[in-house]
Structure formats: C-alpha cells, structure tokens
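Below: one structure, written as structure tokens.
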Amino acid sequence: MEERRVRVRFAPSPTGALHIGGVRTALYNYLFARQHKGDFVFRIEDTDSNRFVPGAEEYIIESFRWLGLQFDEGVSFGGDKGPYRQSERREIYKKYVDRLLEDGKAYIAFDTPEELESKRNEIQNFQYDARTRMQMRNSLTLTKEEMEALIADGTQYVVRFRVEPGIEVHIDDLIRGDVRIMSDIVDDKVLYKSSDELPTYHLANIVDDHLMEITHVIRGEEWLPSAPLHVLLYKAFGWEETMPRFAHLPLLLKPEGKGKLSKRDGDRLGFPVFPLEWHDPKTGEVSSGYRESGYFPEAVINFLALLGWNPGTEQELFSLDELVSLFDITKCSKSGARYDFQKGIWFNHEYILRKSSEEIAQLFAPIVANNGVEESMERITKVVSMMKDRVNFVKELWDLCSFFFIAPTEYDEKTVKKRWKADSALVMSELATVLEGIDDFTVEGQEPVVLAWVEERGYKLGDVMNAFRLALVGIGKGPGMFDISAFLGKEETLKRIERAVEILK
Ligand code: GLU
C-alpha cells in the first residue's frame with residue numbers, strides 16, 4: 001500500500017474551557033504531525049447542541065496561539081477538506097447515515113425514553129443489542145406500514161448501529177498494542193437523532209476522520225472504550241484499508257491520591273488546570289489559567305510533553321524543535337501520568353534562568369512602571385540580572401526587588417532586634433564617611449576600601465554588613481551588599497544610611 005501522508009487532528013467539543021489534558025493531547029498530535037512532515041487539523045465537534053458553550057471555540061484557538069502550536073488546517077485556519085465545524089456538515093452525515101440504513105447496517109428506532117426506562121427496570125444490565133433489539137420498537141420489529149405511519153406523524157426517532165455479535169474486534173493501538181474486544185459488549189449505539197437532525201459524536205467522528213484523510217487518531221484514554229465501535233463503523237462503511245491507527249494516551253492523574261486530575265484538585269492545591277483564564281459564561285465563575293498565572297508557554301509545553309512520555313535519558317529541558325525530533329508515540333506509557341504541578345513551577349523557573357535578563361526585563365518593566373517608578377530599561381535589566389535566579393515567576397520580582405527602586409520607609413522589626421546593635425548607628429555613620437570618600441563607586445571600587453576600614457577598626461565584618469543591609473534594604477535579605485550600593489549610587493546609599501541612623505539610632 002502506498003504510504004499515506006500523515007494527517008492527525010485535534011477535535012475538541014466546545015463545551016467549556018480546554019482542560020490541560022486536552023492541551024497535552026493536542027501537543028502530542030502536533031509533535032507527531034511535525035516529525036512526520038504531516039498535517040495537523042483542527043476540527044470542532046459540536047454536534048451535541050445541549051453542551052455547546054459560547055466562547056469556547058475562540059478560547060481554544062487563543063490557547064494554541066499563545067502556546068505557539070500551529071494548525072495547518074481547520075476551523076479558522078482554512079483548508080480544502082472543510083467545513084471543519086461539525087454543525088456545518090449535517091448533509092454530509094445524513095448521506096452516510098442513509099447509506100448504513102440502505103445496507104441494513106443500521107436501523108431506525110422509535111423507543112421513547114419511558115419505554116427504554118421500563119426495559120431497564122425489567123431486564124438487569126439492559127443493553128440495546130442483538131439480544132434485545134427484537135423486543136424493541138424499531139424498523140426490525142415494525143411493519144413497513146407502521147413505520148411509514150410513525151414517520152408521517154412526525155414521530156421522533158433515532159438511527160442505531162446494528163452491531164453483529166460474536167466478532168472479535170482488534171484495535172491496533174500504537175501505545176497499547178493489539179487490544180481485542182468481543183463485539184457482544186458493544187451496544188447498538190445511536191448514530192443519528194431526528195430531533196435535531198444531527199449525528200452523534202461517534203458517527204460524525206468516523207465520517208470526518210475518513211473524509212479528512214486522518215491517518216492517526218491520538219487521543220485521551222477516556223476514548224478507548226469507544227474504539228471498538230469506531231473500528232466496527234469503519235468496517236461497516238468498507239473503509240478498513242484507510243482506517244487510522246490509534247494511540248490512546250495515558251490519563252493525567254491527581255497530584256496526590258487516586259483518580260484522574262480534576263479542576264477541584266487545581267482549586268484545592270492552587271494550580272491552574274486551564275491554559276488561559278476562563279470566565280464561565282453561565283455561572284460567571286473565573287478559573288485561573290497558566291498564561292495569567294505567569295507561566296511561559298515554552299515551560300507549559302515542556303512540562304506537558306513529559307507527562308506520559310520521556311526520552312529515556314536524564315534530559316528534562318527541551319525546545320519545541322527538540323521535542324519534535326525526539327518524541328516517540330510508541331514510547332508513551334500505558335499507565336497514568338501523575339500531574340506533578342510543582343514540576344510545572346520548576347520548569348518555569350528553569351526557563352527564567354535560561355532567558356536573557358533583557359527579555360525578562362521587558363516583562364518586568366510594566367510592573368515597575370505600575371508601581372509608580374520611572375527607571376531606565378538598562379537599570380531594570382541590571383536588577384533582573386541580580387535577582388532572576390530567585391524567582392519562579394516574573395510577577396514575584398517586584399516584592400523582592402522594590403528596594404532597588406524605592407528606599408525603605410520601615411525596617412523589619414525582627415531584623416532590627418537581631419542585627420542593629422548598640423553601636424550600629426555609630427558604625428554606620430563612620431561607614432557613610434568612608435563611602436563618601438570613594439570616587440569609583442563600583443563593586444570593585446568600594447569593596448577593598450570598606451574591607452580595609454573594617455579591618456583597621458577591628459569591627460566584625462558580619463555585624464557591619466548586616467547593619468548596612470538593614471539600612472539600604474529594610475530587611476535582612478537580598479543580593480551582595482556592594483551590588484546593591486553600586487546600583488543605588490553614592491548619593492542614594494548615603495541618604496539611606498543617614499535615614500536609618502536617624503530612625504533606628
Ligand atoms: N470530541 C472529542 C473530544 O472532545 C474527540 C475525541 C477524539 O479525539 O476522537 O475529545
């Protein structure tokens with residue numbers, strides 16, 4: 001058989017914010033498409049009008065724009081196999097539903113919800129299938145006249161897939177190997193509903209994967225139970241030859257305990273489960289997003305890439321290009337991947353370290369300005385270069401760095417008690433005089449002079465530096481003292497010492 005061009009799709013239903021697990025699914029599809037020089041298609045599966053949420057589609061598109069994962073075709077991206085929104089493909093599906101009906105591979109059923117309910121009460125573990133379908137109200141049990149009368153009356157009906165029992169269904173899964181299931185456990189799934197003239201997920205999904213020439217279906221483990229039905233549908237249509245290969249990704253598990261990751265875990269432990277902040281249009285609830293929480297898209301991608309796959313080496317930091325070349329779908333794990341959100345924070349920290357101070361300063365500058373401080377980009381960059389290794393997020397910089405820009409007005413009580421000794425005021429006044437005499441106010445210019453003076457006076461270096469720090473910073477922490485004084489400059493340094501001496505005496 002001729003090698004087909006690799007085509008994968010990400011096919012979310014617009015039912016709300018995109019869950020982070022969906023982002024991982026899309027990422028793996030993207031990596032697979034790029035490494036095979038194939039296409040990455042974006043399809044919207046919106047055949048369930050009850051679950052449609054306005055704004056969800058735009059949200060999903062914006063999420064991938066932020067992450068830098070580009071689609072080749074699909075909703076909002078164009079392409080010659082559209083429309084890519086399932087609600088715009090009604091006529092196409094209708095044709096394929098009719099084809100199954102004509103071939104006797106599907107049938108029409110009129111059972112009302114009440115009738116189905118009473119069957120469920122009557123028969124334990126009732127399933128609509130080969131064993132029970134002849135007891136139901138459908139085109140297999142009704143006469144032609146009865147059928148026509150019902151339809152003429154406008155009675156609502158569904159189309160069900162006629163699953164033949166006793167067939168061993170093989171799912172050829174790139175991650176899980178050959179999964180075998182007997183067709184007997186598959187029920188006669190509803191493929192189409194007359195009430196909204198729309199197919200169900202299963203039919204639309206298969207028809208579209210076929211028409212859009214999808215070669216690989218990479219999706220979450222939660223879809224594995226649907227796979228046997230999907231394989232049977234491909235067979236029913238006679239599309240075995242071009243049936244996509246499957247890869248069902250491992251579940252994302254809670255950070256602790258059992259079960260799959262949920263939004264509640266994020267709320268409880270304080271981490272986002274959505275790529276972007278989400279405003280629920282129905283409840284008005286606002287949920288945090290990775291973007292608004294200050295994560296870099298590269299960090300999110302790097303973090304997600306390793307949730308279910310690893311390269312088999314110690315390497316943890318990967319660019320998107322490296323991931324494209326190293327990723328191997330067949331090496332994904334079968335068992336669930338624990339969602340270690342702390343690791344996500346660690347990745348962000350690593351990306352801060354790897355980014356230049358100039359780049360971080362660009363992000364920090366607006367925060368500085370918002371705090372009413374006017375500073376040159378050069379000086380902001382200098383501060384960033386001294387402090388960026390101490391934070392996980394850019395937004396944490398201000399609290400740590402504000403003293404560079406604003407003189408302390410208060411002095412931390414505990415530090416004063418511990419570090420400001422009886423003679424500190426005197427020693428600091430002396431230090432001010434020493435500093436005043438230094439022309440070269442760089443770190444190299446100050447350090448030897450101050451150290452010589454400490455030595456000559458027989459002071460304890462630790463005591464002097466602690467008091468000096470308290471005077472300039474207001475607390476007991478920060479980078480090297482001469483880095484701080486050099487940044488502040490002579491005038492500001494002397495002013496701060498003078499003020500501390502006056503207030504703390
Ligand atoms: N619409 C399904 C979803 O929301 C797609 C599942 C699949 O990829 O087949 O995830």
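Residue numbers start at 1 in each chain; chains themselves are named A, B, ... in the order of the structure tokens; ligands are numbered from 1 in the order shown.
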Inset, instruction - Report as a list of chain:residue names which protein, DNA and RNA residues come within 9 Å of ligand 1, using only C-alpha atoms and all ligand atoms. - result: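 What falls inside 9 Å of ligand 1 is A:Arg9, A:Phe10, A:Ala11, A:Pro12, A:Ser13, A:Pro14, A:Thr15, A:Gly22, A:Thr25, A:Arg43, A:Ile44, A:Glu45, A:Asp46, A:Tyr201, A:His202, A:Asn205, A:Ile206, A:Asp209, A:Val217, A:Ile218, A:Arg219, A:Gly220, A:Glu222, A:Trp223, A:Ser226, A:Ala227.
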Would you kindly return, as a short mmCIF file (atom, residue, chain, number, x, y, z; two decimals) with N, CA and C atoms, in the first residue's frame, each protein, DNA or RNA residue with an atom no farther than 9 Å from any atom of A:Ala247, considering only C-alpha atoms and excluding same-chain residues fewer than 6 positions away?
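Result file result_23.cif:
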```cif
data_model
loop_
_atom_site.label_atom_id
_atom_site.label_comp_id
_atom_site.auth_asym_id
_atom_site.auth_seq_id
_atom_site.Cartn_x
_atom_site.Cartn_y
_atom_site.Cartn_z
N ASP A 172 -5.73 -1.66 16.88
CA ASP A 172 -4.28 -1.65 16.70
C ASP A 172 -3.76 -0.34 17.27
N ASP A 173 -3.37 -0.37 18.55
CA ASP A 173 -3.02 0.86 19.26
C ASP A 173 -1.50 1.01 19.36
N LEU A 174 -1.00 2.16 18.93
CA LEU A 174 0.45 2.39 18.91
C LEU A 174 1.06 2.36 20.31
N ILE A 175 0.26 2.61 21.33
CA ILE A 175 0.78 2.62 22.70
C ILE A 175 0.43 1.32 23.42
N ARG A 176 -0.77 0.83 23.20
CA ARG A 176 -1.26 -0.32 23.96
C ARG A 176 -1.16 -1.65 23.22
N HIS A 216 -3.83 8.99 11.77
CA HIS A 216 -3.56 8.57 13.14
C HIS A 216 -4.49 9.32 14.09
N VAL A 217 -5.15 8.56 14.94
CA VAL A 217 -6.03 9.17 15.94
C VAL A 217 -5.32 9.08 17.29
N ILE A 218 -4.82 10.22 17.74
CA ILE A 218 -4.11 10.28 19.02
C ILE A 218 -5.01 11.03 19.99
N ARG A 219 -5.47 10.35 21.02
CA ARG A 219 -6.44 10.98 21.92
C ARG A 219 -6.35 10.37 23.30
N GLY A 220 -7.08 10.95 24.23
CA GLY A 220 -7.02 10.51 25.62
C GLY A 220 -7.58 9.11 25.83
N GLU A 221 -7.10 8.50 26.89
CA GLU A 221 -7.51 7.14 27.24
C GLU A 221 -9.02 7.01 27.42
N LEU A 224 -10.82 5.22 24.70
CA LEU A 224 -10.54 3.82 24.36
C LEU A 224 -11.81 2.95 24.33
N ILE A 329 5.78 8.35 19.86
CA ILE A 329 4.44 7.99 20.36
C ILE A 329 4.42 6.57 20.91
N THR A 330 5.23 5.69 20.33
CA THR A 330 5.20 4.29 20.77
C THR A 330 5.86 4.11 22.14
#
```
Inset, instruction - Find, counting only C-alpha atoms, the residue in A:Asp80, A:Asp208, A:Glu164, A:Asp48 that gets nearest to A:Tyr192. - result: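 Of the candidates, the smallest distance to A:Tyr192 is held by A:Asp48.
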Inset, instruction - Find the residues around A:Phe77 up to 10 Å (only C-alpha atoms counted), leave out those fewer than 4 positions away in its own chain, and share them as an NGL selection string. - result: :A and (41-42 or 61 or 70-73 or 84)
Export C-alpha atoms of the chosen residues as a PDB file, in the first residue's frame?
```pdb
ATOM      1  CA  VAL A  41      -6.033  19.564  11.590  1.00  0.00           C
ATOM      2  CA  PHE A  42      -8.326  21.471  13.939  1.00  0.00           C
ATOM      3  CA  ILE A  61      -7.972  28.858  19.324  1.00  0.00           C
ATOM      4  CA  GLN A  70       0.118  25.959  14.841  1.00  0.00           C
ATOM      5  CA  PHE A  71      -2.546  24.091  12.947  1.00  0.00           C
ATOM      6  CA  ASP A  72      -2.258  23.531   9.210  1.00  0.00           C
ATOM      7  CA  GLU A  73      -5.965  23.499   8.522  1.00  0.00           C
ATOM      8  CA  TYR A  84     -14.297  21.752   9.841  1.00  0.00           C
TER       9      TYR A  84
END
```
Legend entry - Computed interatomic separation between atom CA of A:Ala425 and atom CA of A:Arg496 (Å):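 Interatomic distance, atom CA of A:Ala425 to atom CA of A:Arg496: 12.4 Å.
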Inset, instruction - Give me every helix (DSSP H, G or I) residue in stretch 329-365 of chain A, going by DSSP on the backbone, as a VMD selection string. - result: chain A and resid 329 to 331 341 to 354 357 to 365
Inset, instruction - Apply DSSP to the structure's backbone, then extract all residues of stretch 154-201 of chain A labelled strand (DSSP E) and return them as a list in words. - result: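 Taking stretch 154-201 of chain A and keeping strand (DSSP E) only, one gets Val158, Val159, Arg160, Phe161, Glu168, Val169, His170, Ile171, Asp172, Asp173, Gly177, Asp178, Val179, Arg180, Ile181, Met182, Val190, Leu191, Tyr192, Lys193, Leu198 and Pro199 of chain A.
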Inset, instruction - Pick out the closest residue to A:Glu492 from this set: A:Ala407, A:Leu435, A:Val416, A:Leu203. Count only C-alpha atoms. - result: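 Comparing A:Ala407, A:Leu435, A:Val416, A:Leu203 against A:Glu492, the winner is A:Ala407.
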Inset, instruction - Quote the spacing between atom CA of A:Arg131 and atom CA of A:Ala152 in Å to one decimal place. - result: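 Going from atom CA of A:Arg131 over to atom CA of A:Ala152, I get 29.2 Å.
Going from atom CA of A:Arg34 to atom CA of A:Gly312 covers 20.6 Å.
Using only C-alpha atoms, the nearest neighbour of A:Leu363 within the list A:Leu397, A:Val163, A:Ile438, A:Met386 is A:Leu397.
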Inset, instruction - Considering only C-alpha atoms, state which residue in the set A:Ala361, A:Ala299, A:Val75, A:Val186 is at the smallest distance from A:Lys395. - result: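 When distances to A:Lys395 are compared using only C-alpha atoms, the smallest one comes from A:Ala361.
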Inset, instruction - Tell me which protein, DNA and RNA residues are within 12 Å of A:His36, counting only C-alpha atoms, leaving out same-chain ones fewer than 6 positions away, and put them as a PyMOL selection string. - result: chain A and resi 3-8+29-30+215-216+324-329
Please produce a file of those selected residues containing N, CA, C and O atoms, as a PDB file, in the first residue's frame.
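For reference, out-v7.pdb as written:
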```
ATOM      1  N   GLU A   3       2.373   4.736   0.856  1.00  0.00           N
ATOM      2  CA  GLU A   3       2.473   5.483   2.108  1.00  0.00           C
ATOM      3  C   GLU A   3       1.555   6.690   2.049  1.00  0.00           C
ATOM      4  O   GLU A   3       1.623   7.487   1.117  1.00  0.00           O
ATOM      5  N   ARG A   4       0.702   6.818   3.035  1.00  0.00           N
ATOM      6  CA  ARG A   4      -0.171   7.989   3.049  1.00  0.00           C
ATOM      7  C   ARG A   4       0.497   9.133   3.792  1.00  0.00           C
ATOM      8  O   ARG A   4       1.284   8.914   4.713  1.00  0.00           O
ATOM      9  N   ARG A   5       0.211  10.330   3.369  1.00  0.00           N
ATOM     10  CA  ARG A   5       0.715  11.491   4.075  1.00  0.00           C
ATOM     11  C   ARG A   5       0.112  11.502   5.485  1.00  0.00           C
ATOM     12  O   ARG A   5      -1.096  11.307   5.649  1.00  0.00           O
ATOM     13  N   VAL A   6       0.951  11.688   6.491  1.00  0.00           N
ATOM     14  CA  VAL A   6       0.460  11.679   7.867  1.00  0.00           C
ATOM     15  C   VAL A   6      -0.462  12.873   8.106  1.00  0.00           C
ATOM     16  O   VAL A   6      -0.119  14.013   7.780  1.00  0.00           O
ATOM     17  N   ARG A   7      -1.645  12.566   8.621  1.00  0.00           N
ATOM     18  CA  ARG A   7      -2.587  13.628   8.973  1.00  0.00           C
ATOM     19  C   ARG A   7      -3.219  13.291  10.319  1.00  0.00           C
ATOM     20  O   ARG A   7      -3.782  12.220  10.485  1.00  0.00           O
ATOM     21  N   VAL A   8      -3.084  14.198  11.267  1.00  0.00           N
ATOM     22  CA  VAL A   8      -3.698  13.994  12.575  1.00  0.00           C
ATOM     23  C   VAL A   8      -4.627  15.162  12.855  1.00  0.00           C
ATOM     24  O   VAL A   8      -4.578  16.183  12.164  1.00  0.00           O
ATOM     25  N   ASN A  29      -0.257  15.344  19.293  1.00  0.00           N
ATOM     26  CA  ASN A  29      -0.652  15.323  17.879  1.00  0.00           C
ATOM     27  C   ASN A  29       0.255  16.233  17.057  1.00  0.00           C
ATOM     28  O   ASN A  29       0.701  15.873  15.964  1.00  0.00           O
ATOM     29  N   TYR A  30       0.509  17.407  17.613  1.00  0.00           N
ATOM     30  CA  TYR A  30       1.356  18.386  16.919  1.00  0.00           C
ATOM     31  C   TYR A  30       2.759  17.801  16.685  1.00  0.00           C
ATOM     32  O   TYR A  30       3.298  17.858  15.581  1.00  0.00           O
ATOM     33  N   THR A 215      -4.840   9.871   9.362  1.00  0.00           N
ATOM     34  CA  THR A 215      -4.102   8.601   9.369  1.00  0.00           C
ATOM     35  C   THR A 215      -3.855   8.067  10.778  1.00  0.00           C
ATOM     36  O   THR A 215      -3.644   6.870  10.956  1.00  0.00           O
ATOM     37  N   HIS A 216      -3.834   8.985  11.773  1.00  0.00           N
ATOM     38  CA  HIS A 216      -3.564   8.568  13.144  1.00  0.00           C
ATOM     39  C   HIS A 216      -4.491   9.315  14.090  1.00  0.00           C
ATOM     40  O   HIS A 216      -4.579  10.542  14.011  1.00  0.00           O
ATOM     41  N   VAL A 324      10.045  17.772  18.807  1.00  0.00           N
ATOM     42  CA  VAL A 324       9.593  17.252  17.510  1.00  0.00           C
ATOM     43  C   VAL A 324      10.511  16.123  17.051  1.00  0.00           C
ATOM     44  O   VAL A 324      10.051  15.083  16.584  1.00  0.00           O
ATOM     45  N   SER A 325      11.815  16.297  17.237  1.00  0.00           N
ATOM     46  CA  SER A 325      12.694  15.246  16.716  1.00  0.00           C
ATOM     47  C   SER A 325      12.802  14.049  17.664  1.00  0.00           C
ATOM     48  O   SER A 325      13.002  12.929  17.210  1.00  0.00           O
ATOM     49  N   LEU A 326      12.623  14.261  18.975  1.00  0.00           N
ATOM     50  CA  LEU A 326      12.819  13.147  19.913  1.00  0.00           C
ATOM     51  C   LEU A 326      11.542  12.378  20.254  1.00  0.00           C
ATOM     52  O   LEU A 326      11.596  11.206  20.627  1.00  0.00           O
ATOM     53  N   PHE A 327      10.406  13.056  20.157  1.00  0.00           N
ATOM     54  CA  PHE A 327       9.149  12.436  20.598  1.00  0.00           C
ATOM     55  C   PHE A 327       8.896  11.109  19.877  1.00  0.00           C
ATOM     56  O   PHE A 327       9.144  10.976  18.689  1.00  0.00           O
ATOM     57  N   ASP A 328       8.424  10.138  20.649  1.00  0.00           N
ATOM     58  CA  ASP A 328       8.133   8.824  20.061  1.00  0.00           C
ATOM     59  C   ASP A 328       6.826   8.317  20.664  1.00  0.00           C
ATOM     60  O   ASP A 328       6.772   7.912  21.822  1.00  0.00           O
ATOM     61  N   ILE A 329       5.784   8.349  19.857  1.00  0.00           N
ATOM     62  CA  ILE A 329       4.444   7.991  20.361  1.00  0.00           C
ATOM     63  C   ILE A 329       4.421   6.573  20.907  1.00  0.00           C
ATOM     64  O   ILE A 329       3.725   6.276  21.877  1.00  0.00           O
TER      65      ILE A 329
END
```
Inset, instruction - Find the residues around A:Gly308 up to 9 Å (only C-alpha atoms counted), leave out those fewer than 4 positions away in its own chain, and share them as a PyMOL selection string. - result: chain A and resi 249-252+304+331-338
What does the file look like for those residues with all heavy atoms, as a compact mmCIF listing (two decimals), in the first residue's frame?
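Below you can see result05.txt, which holds the result:
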```
# COMPACT_ATOMS: atom_id res chain seq x y z
N LEU A 249 -3.70 7.89 24.78
CA LEU A 249 -2.70 8.43 25.71
C LEU A 249 -3.06 8.11 27.15
O LEU A 249 -4.24 7.99 27.49
CB LEU A 249 -2.61 9.95 25.54
CG LEU A 249 -2.30 10.43 24.12
CD1 LEU A 249 -2.36 11.95 24.06
CD2 LEU A 249 -0.93 9.93 23.69
N PRO A 250 -2.04 8.03 28.01
CA PRO A 250 -2.32 7.73 29.42
C PRO A 250 -3.08 8.88 30.08
O PRO A 250 -2.93 10.04 29.72
CB PRO A 250 -0.93 7.59 30.03
CG PRO A 250 -0.03 8.34 29.13
CD PRO A 250 -0.60 8.18 27.76
N LEU A 251 -3.87 8.53 31.05
CA LEU A 251 -4.62 9.52 31.81
C LEU A 251 -3.69 10.44 32.60
O LEU A 251 -2.59 10.03 32.97
CB LEU A 251 -5.48 8.76 32.83
CG LEU A 251 -6.97 8.93 32.70
CD1 LEU A 251 -7.57 7.75 32.04
CD2 LEU A 251 -7.58 9.07 34.03
N LEU A 252 -4.15 11.64 32.88
CA LEU A 252 -3.43 12.51 33.82
C LEU A 252 -4.05 12.27 35.20
O LEU A 252 -5.26 12.38 35.37
CB LEU A 252 -3.58 13.98 33.42
CG LEU A 252 -2.92 14.39 32.11
CD1 LEU A 252 -3.04 15.89 31.91
CD2 LEU A 252 -1.45 13.97 32.06
N LEU A 304 4.22 19.55 29.89
CA LEU A 304 3.19 18.63 29.39
C LEU A 304 3.80 17.50 28.54
O LEU A 304 3.33 16.36 28.58
CB LEU A 304 2.15 19.38 28.56
CG LEU A 304 1.24 20.35 29.31
CD1 LEU A 304 0.28 21.03 28.35
CD2 LEU A 304 0.46 19.63 30.42
N LYS A 331 6.56 5.16 22.60
CA LYS A 331 7.21 5.07 23.91
C LYS A 331 6.39 5.74 25.02
O LYS A 331 6.86 5.92 26.13
CB LYS A 331 8.61 5.73 23.86
CG LYS A 331 9.57 5.07 22.89
CD LYS A 331 10.36 3.95 23.57
CE LYS A 331 10.93 2.97 22.57
NZ LYS A 331 11.91 3.58 21.66
N CYS A 332 5.17 6.14 24.69
CA CYS A 332 4.30 6.71 25.72
C CYS A 332 3.93 5.61 26.71
O CYS A 332 3.84 4.45 26.34
CB CYS A 332 3.03 7.28 25.10
SG CYS A 332 3.31 8.82 24.21
N SER A 333 3.70 6.01 27.96
CA SER A 333 3.38 5.00 28.95
C SER A 333 1.90 4.63 28.86
O SER A 333 1.07 5.42 28.42
CB SER A 333 3.74 5.49 30.35
OG SER A 333 2.81 6.45 30.76
N LYS A 334 1.61 3.41 29.27
CA LYS A 334 0.23 2.95 29.26
C LYS A 334 -0.46 3.38 30.54
O LYS A 334 -1.66 3.63 30.57
CB LYS A 334 0.19 1.42 29.19
CG LYS A 334 0.72 0.82 27.90
CD LYS A 334 0.32 -0.64 27.88
CE LYS A 334 1.26 -1.61 27.23
NZ LYS A 334 2.59 -1.34 26.89
N SER A 335 0.32 3.46 31.62
CA SER A 335 -0.29 3.81 32.90
C SER A 335 -0.33 5.32 33.06
O SER A 335 0.45 6.04 32.44
CB SER A 335 0.48 3.16 34.04
OG SER A 335 1.85 3.42 33.89
N GLY A 336 -1.22 5.77 33.92
CA GLY A 336 -1.47 7.19 34.10
C GLY A 336 -0.23 7.99 34.50
O GLY A 336 0.70 7.46 35.09
N ALA A 337 -0.23 9.26 34.14
CA ALA A 337 0.89 10.15 34.48
C ALA A 337 0.45 11.08 35.60
O ALA A 337 -0.54 11.80 35.47
CB ALA A 337 1.30 10.95 33.25
N ARG A 338 1.19 11.05 36.71
CA ARG A 338 0.83 11.90 37.84
C ARG A 338 1.06 13.37 37.50
O ARG A 338 2.11 13.73 36.99
CB ARG A 338 1.62 11.49 39.08
CG ARG A 338 1.07 12.12 40.33
CD ARG A 338 1.55 11.42 41.59
NE ARG A 338 1.00 10.08 41.79
CZ ARG A 338 -0.26 9.80 42.13
NH1 ARG A 338 -1.11 10.79 42.28
NH2 ARG A 338 -0.66 8.57 42.30
```
Legend entry - Contact residues around A:Thr493 with only C-alpha atoms at 9 Å, ignoring same-chain residues under 2 positions, as a list in words: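 So, after excluding close chain neighbours, the residues are Ala432, Leu435, Ala471, Leu472, Ile484, Ser485, Ala486, Leu488, Gly489, Lys490, Glu491, Lys495, Arg496, Ile497 and Glu498 of chain A.
The nearest approach to A:Leu323 among the residues A:Arg499, A:Val368, A:Asn302, A:Ser63, with only C-alpha atoms taken into account, belongs to A:Asn302.
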Inset, instruction - Choose the residue, out of A:Arg89, A:Lys505, A:Lys382, A:Lys37, that has the smallest atom-to-atom separation from A:Trp420; count only C-alpha atoms. - result: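 Going through A:Arg89, A:Lys505, A:Lys382, A:Lys37 one by one, the smallest distance to A:Trp420 is for A:Lys505.
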